[in-house]
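Written out below as structure tokens is the structure these notes cover.
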Amino acid sequence: MIRSELVQKIAAKHPDLTPREVEAIVSTFFDEITDRLARGGRVEIRGFGAFSTRARDARTGRNPRTGETVDVDAKRVPYFKPGKEMRARLNV
């Protein structure tokens, strides 16, 4: 599912909201998750899962096209851990 499909599904289930209002809600939701992760925090949605970040060390990589070695800087990457309820629904 892509973002526009999510907006359409929410708008269909809540006809009292305009598509523009639904888009604002979805944008705010994703922006808040991103902002919290950027500050080093964690976002937990009960029954769904938890978003956090993990640190990746600097390393030497390889350009697959040329085979040339490339230095890759250390970075933080997003990580999602599904909740119990989600795992249970996926494995029915």
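Letters A, B, ... go to the chains of the structure tokens in the order shown; residues in each chain start at 1; ligands are counted from 1 in the same order.
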Between stretch 14-89 of chain A and stretch 1-4 of chain A, at 10 Å or less, what are the per-residue closest atom pairs and their distances in Å? Count only C-alpha atoms, order by chain and rising residue number, and return it as a tab-separated table.
```
residue	atom	partner	partner_atom	distance
A:Glu23	CA	A:Ser4	CA	8.4
A:Val26	CA	A:Arg3	CA	8.3
A:Ser27	CA	A:Arg3	CA	9.3
```
Residues at most 9 Å from A:Ala11, counting only C-alpha atoms, excluding those fewer than 6 positions away in the same chain, as an mmCIF file with all heavy atoms, in the first residue's frame?
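After the write, part.cif holds the following:
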```cif
data_model
loop_
_atom_site.group_PDB
_atom_site.id
_atom_site.type_symbol
_atom_site.label_atom_id
_atom_site.label_comp_id
_atom_site.auth_asym_id
_atom_site.auth_seq_id
_atom_site.Cartn_x
_atom_site.Cartn_y
_atom_site.Cartn_z
ATOM 1 N N LEU A 17 -14.857 13.550 6.690
ATOM 2 C CA LEU A 17 -13.593 14.250 6.488
ATOM 3 C C LEU A 17 -13.317 14.430 4.996
ATOM 4 O O LEU A 17 -13.576 13.534 4.206
ATOM 5 C CB LEU A 17 -12.435 13.454 7.104
ATOM 6 C CG LEU A 17 -12.454 13.246 8.604
ATOM 7 C CD1 LEU A 17 -11.330 12.303 9.014
ATOM 8 C CD2 LEU A 17 -12.313 14.578 9.326
ATOM 9 N N THR A 18 -12.776 15.576 4.646
ATOM 10 C CA THR A 18 -12.416 15.806 3.244
ATOM 11 C C THR A 18 -11.072 15.116 2.967
ATOM 12 O O THR A 18 -10.285 14.891 3.897
ATOM 13 C CB THR A 18 -12.266 17.306 2.940
ATOM 14 O OG1 THR A 18 -11.157 17.821 3.676
ATOM 15 C CG2 THR A 18 -13.533 18.074 3.294
ATOM 16 N N PRO A 19 -10.813 14.781 1.704
ATOM 17 C CA PRO A 19 -9.509 14.181 1.376
ATOM 18 C C PRO A 19 -8.334 15.057 1.806
ATOM 19 O O PRO A 19 -7.296 14.553 2.215
ATOM 20 C CB PRO A 19 -9.559 14.027 -0.146
ATOM 21 C CG PRO A 19 -11.012 13.898 -0.458
ATOM 22 C CD PRO A 19 -11.708 14.785 0.539
ATOM 23 N N GLU A 21 -8.245 16.997 4.464
ATOM 24 C CA GLU A 21 -8.098 16.820 5.913
ATOM 25 C C GLU A 21 -7.423 15.491 6.231
ATOM 26 O O GLU A 21 -6.552 15.421 7.105
ATOM 27 C CB GLU A 21 -9.458 16.890 6.610
ATOM 28 C CG GLU A 21 -10.081 18.263 6.599
ATOM 29 C CD GLU A 21 -11.517 18.263 7.092
ATOM 30 O OE1 GLU A 21 -12.232 17.253 6.898
ATOM 31 O OE2 GLU A 21 -11.914 19.277 7.688
ATOM 32 N N VAL A 22 -7.809 14.449 5.513
ATOM 33 C CA VAL A 22 -7.206 13.137 5.718
ATOM 34 C C VAL A 22 -5.722 13.184 5.369
ATOM 35 O O VAL A 22 -4.878 12.645 6.094
ATOM 36 C CB VAL A 22 -7.933 12.047 4.900
ATOM 37 C CG1 VAL A 22 -7.214 10.715 5.004
ATOM 38 C CG2 VAL A 22 -9.371 11.908 5.362
ATOM 39 N N GLU A 23 -5.375 13.850 4.284
ATOM 40 C CA GLU A 23 -3.970 13.989 3.884
ATOM 41 C C GLU A 23 -3.179 14.716 4.971
ATOM 42 O O GLU A 23 -2.050 14.335 5.286
ATOM 43 C CB GLU A 23 -3.861 14.741 2.554
ATOM 44 C CG GLU A 23 -2.449 15.026 2.110
ATOM 45 C CD GLU A 23 -1.609 13.787 1.853
ATOM 46 O OE1 GLU A 23 -2.144 12.808 1.319
ATOM 47 O OE2 GLU A 23 -0.413 13.808 2.206
#
```
Give me the residues within 10 Å of A:Ile33 as a PDB file with N, CA, C and O atoms, in the first residue's frame, counting only C-alpha atoms and dropping any in the same chain fewer than 4 places off.
```pdb
ATOM      1  N   THR A  28       0.793  14.511   9.205  1.00  0.00           N
ATOM      2  CA  THR A  28       1.167  14.813  10.582  1.00  0.00           C
ATOM      3  C   THR A  28       1.637  13.553  11.301  1.00  0.00           C
ATOM      4  O   THR A  28       2.641  13.570  12.014  1.00  0.00           O
ATOM      5  N   PHE A  29       0.934  12.459  11.087  1.00  0.00           N
ATOM      6  CA  PHE A  29       1.288  11.175  11.706  1.00  0.00           C
ATOM      7  C   PHE A  29       2.706  10.762  11.316  1.00  0.00           C
ATOM      8  O   PHE A  29       3.550  10.483  12.182  1.00  0.00           O
ATOM      9  N   LEU A  37      12.094  10.027  15.742  1.00  0.00           N
ATOM     10  CA  LEU A  37      13.250   9.182  15.429  1.00  0.00           C
ATOM     11  C   LEU A  37      14.495  10.022  15.181  1.00  0.00           C
ATOM     12  O   LEU A  37      15.603   9.649  15.575  1.00  0.00           O
ATOM     13  N   ALA A  38      14.338  11.175  14.534  1.00  0.00           N
ATOM     14  CA  ALA A  38      15.465  12.051  14.253  1.00  0.00           C
ATOM     15  C   ALA A  38      16.078  12.593  15.544  1.00  0.00           C
ATOM     16  O   ALA A  38      17.282  12.850  15.608  1.00  0.00           O
ATOM     17  N   GLY A  41      14.612   9.311  19.550  1.00  0.00           N
ATOM     18  CA  GLY A  41      13.560   8.698  20.350  1.00  0.00           C
ATOM     19  C   GLY A  41      13.041   7.409  19.749  1.00  0.00           C
ATOM     20  O   GLY A  41      13.591   6.862  18.792  1.00  0.00           O
ATOM     21  N   ARG A  42      11.963   6.931  20.333  1.00  0.00           N
ATOM     22  CA  ARG A  42      11.328   5.680  19.935  1.00  0.00           C
ATOM     23  C   ARG A  42       9.828   5.938  19.864  1.00  0.00           C
ATOM     24  O   ARG A  42       9.293   6.695  20.671  1.00  0.00           O
ATOM     25  N   VAL A  43       9.146   5.313  18.913  1.00  0.00           N
ATOM     26  CA  VAL A  43       7.699   5.456  18.781  1.00  0.00           C
ATOM     27  C   VAL A  43       7.082   4.073  18.884  1.00  0.00           C
ATOM     28  O   VAL A  43       7.430   3.179  18.108  1.00  0.00           O
ATOM     29  N   GLU A  44       6.185   3.906  19.850  1.00  0.00           N
ATOM     30  CA  GLU A  44       5.530   2.614  20.034  1.00  0.00           C
ATOM     31  C   GLU A  44       4.033   2.780  19.832  1.00  0.00           C
ATOM     32  O   GLU A  44       3.404   3.629  20.455  1.00  0.00           O
ATOM     33  N   PHE A  51       8.861   1.725  16.342  1.00  0.00           N
ATOM     34  CA  PHE A  51       9.865   2.292  15.449  1.00  0.00           C
ATOM     35  C   PHE A  51      11.011   2.801  16.305  1.00  0.00           C
ATOM     36  O   PHE A  51      10.789   3.443  17.332  1.00  0.00           O
ATOM     37  N   SER A  52      12.227   2.530  15.886  1.00  0.00           N
ATOM     38  CA  SER A  52      13.412   3.048  16.567  1.00  0.00           C
ATOM     39  C   SER A  52      14.511   3.187  15.526  1.00  0.00           C
ATOM     40  O   SER A  52      14.278   2.961  14.336  1.00  0.00           O
TER      41      SER A  52
END
```
(request) Run DSSP on the backbone of this structure and report the residues of stretch 5-83 of chain A it assigns to strand (DSSP E), as a VMD selection string. (result) chain A and resid 43 to 45 49 to 56 59 to 62 69 to 72 75 to 82
(request) Name the closest residue to A:Ile45 among the candidates A:Arg76, A:Arg62, A:His14, A:Lys84; distances are taken between atoms, counting only C-alpha atoms. (result)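 Comparing A:Arg76, A:Arg62, A:His14, A:Lys84 against A:Ile45, the winner is A:Lys84.
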(request) Please measure the separation of atom CA of A:Ile10 and atom CA of A:Asp35, giving the value in Å to one decimal. (result)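 These two atoms are separated by 23.0 Å.
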(message) One decimal, in Å: what's the spacing between atom CA of A:Arg87 and atom CA of A:Gln8?
(response)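 According to the coordinates, atom CA of A:Arg87 and atom CA of A:Gln8 are separated by 25.5 Å.
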(message) For A:Gly83, find every residue with an atom within 12 Å (counting only C-alpha atoms), except residues of its own chain fewer than 6 positions away, and show them as an NGL selection string.
(response) :A and (44-51 or 89-90)
